[in-house]
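Colleague: The following file, protein13.txt, comprises compact mmCIF, C-alpha atoms:
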# COMPACT_ATOMS: atom_id res chain seq x y z
CA MET A 12 -56.40 -30.06 -68.74
CA SER A 13 -59.77 -28.30 -68.94
CA ASP A 14 -60.10 -24.91 -70.61
CA LEU A 15 -61.08 -22.42 -67.88
CA SER A 16 -62.04 -19.85 -70.55
CA PHE A 17 -64.85 -22.11 -71.70
CA GLN A 18 -68.17 -20.98 -70.20
CA PRO A 19 -70.00 -24.06 -68.92
CA ASP A 20 -73.77 -24.21 -68.59
CA GLU A 21 -75.54 -24.13 -65.21
CA ALA A 22 -75.61 -27.91 -64.85
CA GLU A 23 -71.87 -28.13 -65.47
CA ILE A 24 -71.13 -25.30 -63.02
CA GLU A 25 -73.17 -27.04 -60.36
CA ARG A 26 -71.32 -30.30 -61.09
CA ARG A 27 -67.93 -28.60 -60.69
CA VAL A 28 -68.94 -26.88 -57.46
CA GLU A 29 -70.11 -30.24 -56.15
CA ALA A 30 -66.74 -31.79 -57.00
CA LEU A 31 -64.83 -28.96 -55.31
CA LEU A 32 -66.84 -29.23 -52.10
CA PHE A 33 -66.43 -33.00 -51.92
CA ALA A 34 -62.66 -32.82 -52.53
CA ALA A 35 -61.94 -29.87 -50.23
CA ALA A 36 -60.17 -30.57 -46.92
CA GLY A 37 -62.43 -28.02 -45.23
CA PRO A 38 -65.35 -25.65 -45.88
CA LEU A 39 -64.97 -23.24 -48.82
CA THR A 40 -66.14 -19.67 -49.26
CA ALA A 41 -68.00 -18.66 -52.40
CA GLY A 42 -64.89 -16.71 -53.43
CA GLU A 43 -62.63 -19.75 -53.05
CA ILE A 44 -65.03 -21.78 -55.18
CA ALA A 45 -65.25 -19.04 -57.83
CA ALA A 46 -61.43 -18.90 -58.08
CA ARG A 47 -61.47 -22.49 -59.38
CA LEU A 48 -64.14 -21.84 -62.01
CA PRO A 49 -64.17 -19.87 -65.29
CA GLU A 50 -64.76 -16.17 -64.77
CA GLY A 51 -68.41 -15.18 -64.69
CA CYS A 52 -69.79 -18.46 -63.30
CA ASN A 53 -72.74 -17.94 -60.98
CA VAL A 54 -71.51 -19.73 -57.82
CA ALA A 55 -74.49 -18.61 -55.72
CA ARG A 56 -76.94 -20.19 -58.14
CA ALA A 57 -74.91 -23.42 -58.26
CA ILE A 58 -74.85 -23.62 -54.45
CA SER A 59 -78.58 -22.97 -54.28
CA GLY A 60 -79.19 -25.77 -56.78
CA LEU A 61 -76.98 -28.17 -54.81
CA ARG A 62 -78.71 -27.38 -51.53
CA ALA A 63 -82.08 -28.15 -53.11
CA ARG A 64 -80.78 -31.35 -54.70
CA TYR A 65 -79.23 -32.68 -51.48
CA GLU A 66 -82.03 -31.64 -49.13
CA GLY A 67 -83.33 -34.67 -47.24
CA ARG A 68 -80.56 -36.97 -48.46
CA GLY A 69 -77.83 -38.75 -46.46
CA VAL A 70 -75.51 -35.79 -46.86
CA GLU A 71 -76.57 -32.16 -47.04
CA LEU A 72 -74.93 -28.87 -48.03
CA GLU A 73 -74.62 -26.37 -45.20
CA CYS A 74 -73.08 -22.98 -44.57
CA VAL A 75 -70.86 -22.43 -41.54
CA ALA A 76 -69.25 -19.03 -40.98
CA ASP A 77 -69.84 -18.08 -44.61
CA ARG A 78 -68.17 -21.28 -45.77
CA TRP A 79 -69.85 -24.18 -47.52
CA ARG A 80 -69.41 -27.89 -46.83
CA PHE A 81 -71.17 -31.22 -47.11
CA ARG A 82 -72.03 -32.98 -43.89
CA THR A 83 -73.98 -36.01 -42.73
CA ALA A 84 -77.70 -35.35 -42.32
CA PRO A 85 -78.31 -34.49 -38.62
CA ASP A 86 -80.81 -37.33 -38.14
CA LEU A 87 -78.18 -39.88 -39.27
CA ALA A 88 -75.41 -38.68 -36.95
CA PHE A 89 -76.00 -41.65 -34.63
CA MET A 90 -74.64 -43.97 -37.33
CA MET A 91 -71.27 -42.22 -37.26
CA THR A 92 -70.78 -42.61 -33.52
CA GLU A 93 -68.09 -45.10 -32.62
CA GLU A 94 -68.10 -46.58 -29.16
CA ARG A 95 -64.67 -47.65 -28.03
CA GLU A 96 -63.69 -49.25 -24.80
CA GLU A 97 -60.62 -47.46 -23.51
CA PRO A 98 -58.18 -49.89 -21.96
CA ARG A 99 -57.72 -49.35 -18.25
CA ARG A 100 -54.19 -49.44 -16.92
CA LEU A 101 -53.53 -51.59 -13.89
CA SER A 102 -51.61 -50.11 -11.01
CA LYS A 103 -48.47 -51.79 -9.68
CA ALA A 104 -50.47 -53.07 -6.70
CA ALA A 105 -53.15 -54.52 -9.00
CA LEU A 106 -50.55 -56.25 -11.18
CA GLU A 107 -48.84 -57.72 -8.13
CA THR A 108 -52.17 -58.93 -6.78
CA LEU A 109 -53.10 -60.44 -10.14
CA ALA A 110 -49.74 -62.24 -10.33
CA ILE A 111 -50.18 -63.67 -6.83
CA ILE A 112 -53.67 -64.91 -7.68
CA ALA A 113 -52.43 -66.42 -10.96
CA TYR A 114 -49.62 -68.40 -9.30
CA HIS A 115 -51.23 -69.23 -5.93
CA GLN A 116 -54.88 -69.72 -6.90
CA PRO A 117 -57.24 -70.40 -5.32
CA VAL A 118 -56.09 -67.83 -2.78
CA THR A 119 -57.79 -65.84 -0.03
CA ARG A 120 -57.45 -62.13 0.60
CA ALA A 121 -55.38 -62.81 3.72
CA GLU A 122 -53.02 -65.03 1.73
CA ILE A 123 -52.58 -62.32 -0.91
CA GLU A 124 -51.66 -59.84 1.81
CA SER A 125 -49.24 -62.35 3.35
CA VAL A 126 -47.40 -62.85 0.05
CA ARG A 127 -47.27 -59.12 -0.76
CA GLY A 128 -46.35 -58.18 2.79
CA VAL A 129 -48.75 -55.24 2.82
CA THR A 130 -52.46 -54.72 3.37
CA LEU A 131 -54.54 -54.97 0.21
CA SER A 132 -56.37 -51.73 -0.55
CA LYS A 133 -60.16 -51.86 -0.86
CA GLY A 134 -60.32 -51.08 -4.56
CA THR A 135 -57.67 -53.47 -5.88
CA LEU A 136 -59.73 -56.66 -5.86
CA ASP A 137 -62.83 -54.68 -6.85
CA LEU A 138 -61.03 -53.50 -9.99
CA LEU A 139 -59.77 -56.96 -10.94
CA LEU A 140 -63.23 -58.42 -10.47
CA GLU A 141 -64.83 -55.60 -12.45
CA MET A 142 -62.38 -56.02 -15.34
CA GLY A 143 -63.06 -59.74 -15.45
CA PHE A 144 -59.47 -60.81 -14.74
CA VAL A 145 -60.43 -62.45 -11.45
CA ARG A 146 -63.42 -64.48 -10.27
CA LEU A 147 -64.69 -65.82 -6.98
CA ARG A 148 -63.46 -69.43 -6.80
CA GLY A 149 -65.11 -70.87 -3.69
CA ARG A 150 -64.89 -70.97 0.09
CA ARG A 151 -61.91 -72.41 1.93
CA ARG A 152 -62.78 -75.19 4.34
CA THR A 153 -61.13 -73.41 7.23
CA PRO A 154 -62.48 -71.37 10.17
CA GLY A 155 -64.32 -68.33 8.91
CA ARG A 156 -64.90 -69.95 5.50
CA PRO A 157 -62.97 -67.22 3.60
CA VAL A 158 -63.73 -66.65 -0.06
CA THR A 159 -60.97 -67.66 -2.47
CA TYR A 160 -60.04 -65.97 -5.74
CA ALA A 161 -58.84 -67.38 -9.05
CA THR A 162 -58.15 -66.03 -12.52
CA ALA A 163 -60.94 -65.90 -15.10
CA ASP A 164 -60.87 -66.57 -18.85
CA ARG A 165 -60.42 -62.84 -19.47
CA PHE A 166 -56.99 -63.09 -17.80
CA LEU A 167 -55.86 -65.74 -20.29
CA GLU A 168 -57.28 -63.78 -23.24
CA HIS A 169 -55.62 -60.51 -22.20
CA PHE A 170 -52.17 -62.04 -21.74
CA GLY A 171 -52.44 -64.41 -24.73
CA LEU A 172 -52.25 -67.63 -22.72
CA ALA A 173 -53.88 -70.89 -23.80
CA THR A 174 -53.92 -72.28 -20.26
CA LEU A 175 -52.46 -71.42 -16.86
CA TYR A 176 -49.67 -73.90 -17.57
CA ASP A 177 -48.36 -71.36 -20.12
CA LEU A 178 -47.44 -68.92 -17.34
CA PRO A 179 -43.65 -68.51 -17.15
CA GLY A 180 -41.83 -70.78 -14.73
CA VAL A 181 -39.08 -69.84 -12.30
CA GLN A 182 -36.25 -70.31 -14.83
CA GLU A 183 -38.02 -68.16 -17.43
CA MET A 184 -38.68 -65.44 -14.87
CA LYS A 185 -35.02 -65.49 -13.81
CA ALA A 186 -33.91 -65.20 -17.45
CA ALA A 187 -36.21 -62.22 -17.93
CA GLY A 188 -34.79 -60.56 -14.83
CA LEU A 189 -38.09 -60.74 -12.99
CA LEU A 190 -36.69 -62.78 -10.09
CA ASP A 191 -33.58 -62.09 -8.03
CA LEU A 192 -30.98 -64.80 -8.59
CA SER A 193 -30.37 -65.02 -4.83
CA LEU A 194 -33.77 -66.37 -3.83
CA PRO A 195 -34.67 -66.94 -0.18
CA VAL A 196 -34.11 -70.44 1.21
CA GLY A 197 -37.17 -72.59 0.68
CA PHE A 198 -38.59 -70.33 -2.00
CA GLU A 199 -40.84 -72.23 -4.39
CA LEU A 200 -42.75 -70.87 -7.35
CA PRO A 201 -46.33 -72.17 -7.03
CA ASP A 202 -47.86 -74.35 -9.71
CA PRO A 203 -50.71 -72.37 -11.28
CA GLY A 204 -52.41 -75.57 -12.37
CA ARG A 205 -52.89 -76.82 -8.84
CA SER A 206 -56.24 -75.00 -8.49
CA ALA A 207 -58.09 -78.01 -9.88
CA ASP A 208 -56.84 -80.13 -6.98
CA VAL A 209 -57.72 -77.78 -4.10
CA ASP A 210 -60.73 -78.88 -2.11
CA ASP A 211 -62.76 -75.67 -1.82
CA ASP A 212 -66.51 -75.47 -1.52
CA SER A 213 -68.14 -73.94 -4.58
CA LEU A 214 -70.04 -70.69 -4.30
CA ALA A 215 -72.89 -72.16 -6.37
CA GLY A 216 -76.20 -71.45 -4.77
CA GLU A 217 -74.81 -68.48 -2.86
CA ASP A 218 -75.29 -64.87 -3.72
CA ASP A 219 -72.15 -64.08 -5.71
CA THR A 220 -73.43 -60.92 -7.37
CA PRO A 221 -71.01 -58.00 -7.71
CA GLU A 222 -72.59 -56.44 -4.62
CA PHE A 223 -71.56 -59.45 -2.57
CA ALA A 224 -68.02 -59.31 -3.91
CA GLN A 225 -67.69 -55.61 -3.15
CA ASP A 226 -69.11 -56.01 0.34
CA PHE A 227 -66.70 -58.84 1.07
CA VAL A 228 -63.69 -56.95 -0.20
CA GLY A 229 -64.66 -53.97 1.89
CA ASN A 230 -64.49 -55.93 5.13
Spell out the structure here as structure tokens.
Modeller:
Amino acid sequence: MSDLSFQPDEAEIERRVEALLFAAAGPLTAGEIAARLPEGCNVARAISGLRARYEGRGVELECVADRWRFRTAPDLAFMMTEEREEPRRLSKAALETLAIIAYHQPVTRAEIESVRGVTLSKGTLDLLLEMGFVRLRGRRRTPGRPVTYATADRFLEHFGLATLYDLPGVQEMKAAGLLDLSLPVGFELPDPGRSADVDDDSLAGEDDTPEFAQDFVGN
């Protein structure tokens, strides 16, 4: 343990003040610093010396409300900024829509509404497209040439699936309590892998920018 009665020289006082400011959980007043040093130490002179020594460096000594602290140099603050993408939560309607697309793809908007039994709100498909879970698959070779939707790679990544064949089957969904045991007559869980066999016209060569997708969904 150090002897607080020993009177250190100016360089040692400055060194100790530096250590206190670095270790402190928050800014310190001159009095709080002096209480940790031998009596008679010139804290003001030590602080002045530290300010001069750290001026222009990566960290600087500053006074805030009569308390002293080290902080990052203002011109380097940009390096400390962390950009984080906050995960967006999907609504129940969006999750239902995503599940229908995953198991029935490629599927049209009208088919999604038929399976859900309710009209699809304008923003649901917009959100899934924006988040990258869903993509435009092609155009159905039926009157009106409706656009079809399918899952995108982001869907597999988010849910930790290697392929669509890793989606749970009917028995797994029953075991997890996600399907009623008394299913309607003729009910059949679609094969998510069938999308490769559906004869849809590709959207290649057409304008499939986000504006097109939003305009279509809005109809």
Colleague: Please compute the CA of Ala45 (chain A)-CA of Leu31 (chain A) distance, one decimal, in Å.
Modeller: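 These two atoms are separated by 10.2 Å.
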Colleague: Would you compute the distance between CA of Thr40 (chain A) and CA of Ala88 (chain A)? Give it in Å to one decimal.
Modeller: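 About the pair CA of Thr40 (chain A) and CA of Ala88 (chain A): they are 24.5 Å apart.
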Colleague: List the spatial neighbours of region 121-131 of chain A as a ChimeraX atom specification - criterion: any atom at most 10 Å away, only C-alpha atoms, same-chain residues fewer than 2 positions off excluded.
Modeller: /A:104-105,107-112,115-119,133-136,157-160,228
Colleague: How far is it from CA of Arg165 (chain A) to CA of Arg99 (chain A), in Å with one decimal?
Modeller: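 Rounded to one decimal, the two atoms are 13.8 Å apart.
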Colleague: Neighbouring residues of Leu167 (chain A) were defined as those with any atom within 12 Å, considering all atoms listed in the file; residues of the same chain fewer than 6 positions away were excluded. Please report them as a PyMOL selection string.
Modeller: chain A and resi 109+113+143-145+161+173-178
Colleague: Could you tell me which of A:Ile58, A:Ala22, A:Leu138, A:Leu39 comes closest to Arg78 (chain A) if we count all atoms listed in the file?
Modeller: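 The closest residue to Arg78 (chain A) is A:Leu39.
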Colleague: Check the smallest atom-to-atom distance from each of A:Val75, A:Ala35, A:Thr162, A:Phe81 to Leu147 (chain A) using only C-alpha atoms, then report the winner.
Modeller: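 Ranking A:Val75, A:Ala35, A:Thr162, A:Phe81 by distance to Leu147 (chain A), first place goes to A:Thr162.
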Colleague: Which one of A:Arg68, A:Arg82, A:Arg120, A:Arg26 sits closest to Arg150 (chain A) if you count all atoms listed in the file?
Modeller: A:Arg120
Colleague: Looking at all atoms listed in the file, which of A:Glu66, A:Glu93, A:Glu71, A:Asp86 is the one that sits closest to Phe33 (chain A)?
Modeller: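 Of the candidates, the smallest distance to Phe33 (chain A) is held by A:Glu71.
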Colleague: Find the spatial neighbours of Gly67 (chain A), counting all atoms listed in the file, within a cut-off of 10 Å - ignore same-chain residues fewer than 5 positions away - and output them as JSON, numbers by chain.
Modeller: {"A": [62, 84, 85, 86]}
Colleague: Keeping C-alpha atoms for every residue in the selection just given, could you write it to a file as a compact mmCIF listing (two decimals), in the coordinates of the input?
Modeller:
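This is the output file result.txt:
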# COMPACT_ATOMS: atom_id res chain seq x y z
CA ARG A 62 -78.71 -27.38 -51.53
CA ALA A 84 -77.70 -35.35 -42.32
CA PRO A 85 -78.31 -34.49 -38.62
CA ASP A 86 -80.81 -37.33 -38.14
Colleague: Hey, what's within 12 Å of Ala55 (chain A) if we count all atoms listed in the file and toss same-chain stuff fewer than 3 positions away? As a PyMOL selection string, please?
Modeller: chain A and resi 21+24-25+28+40-42+44-45+51-52+58-62+79
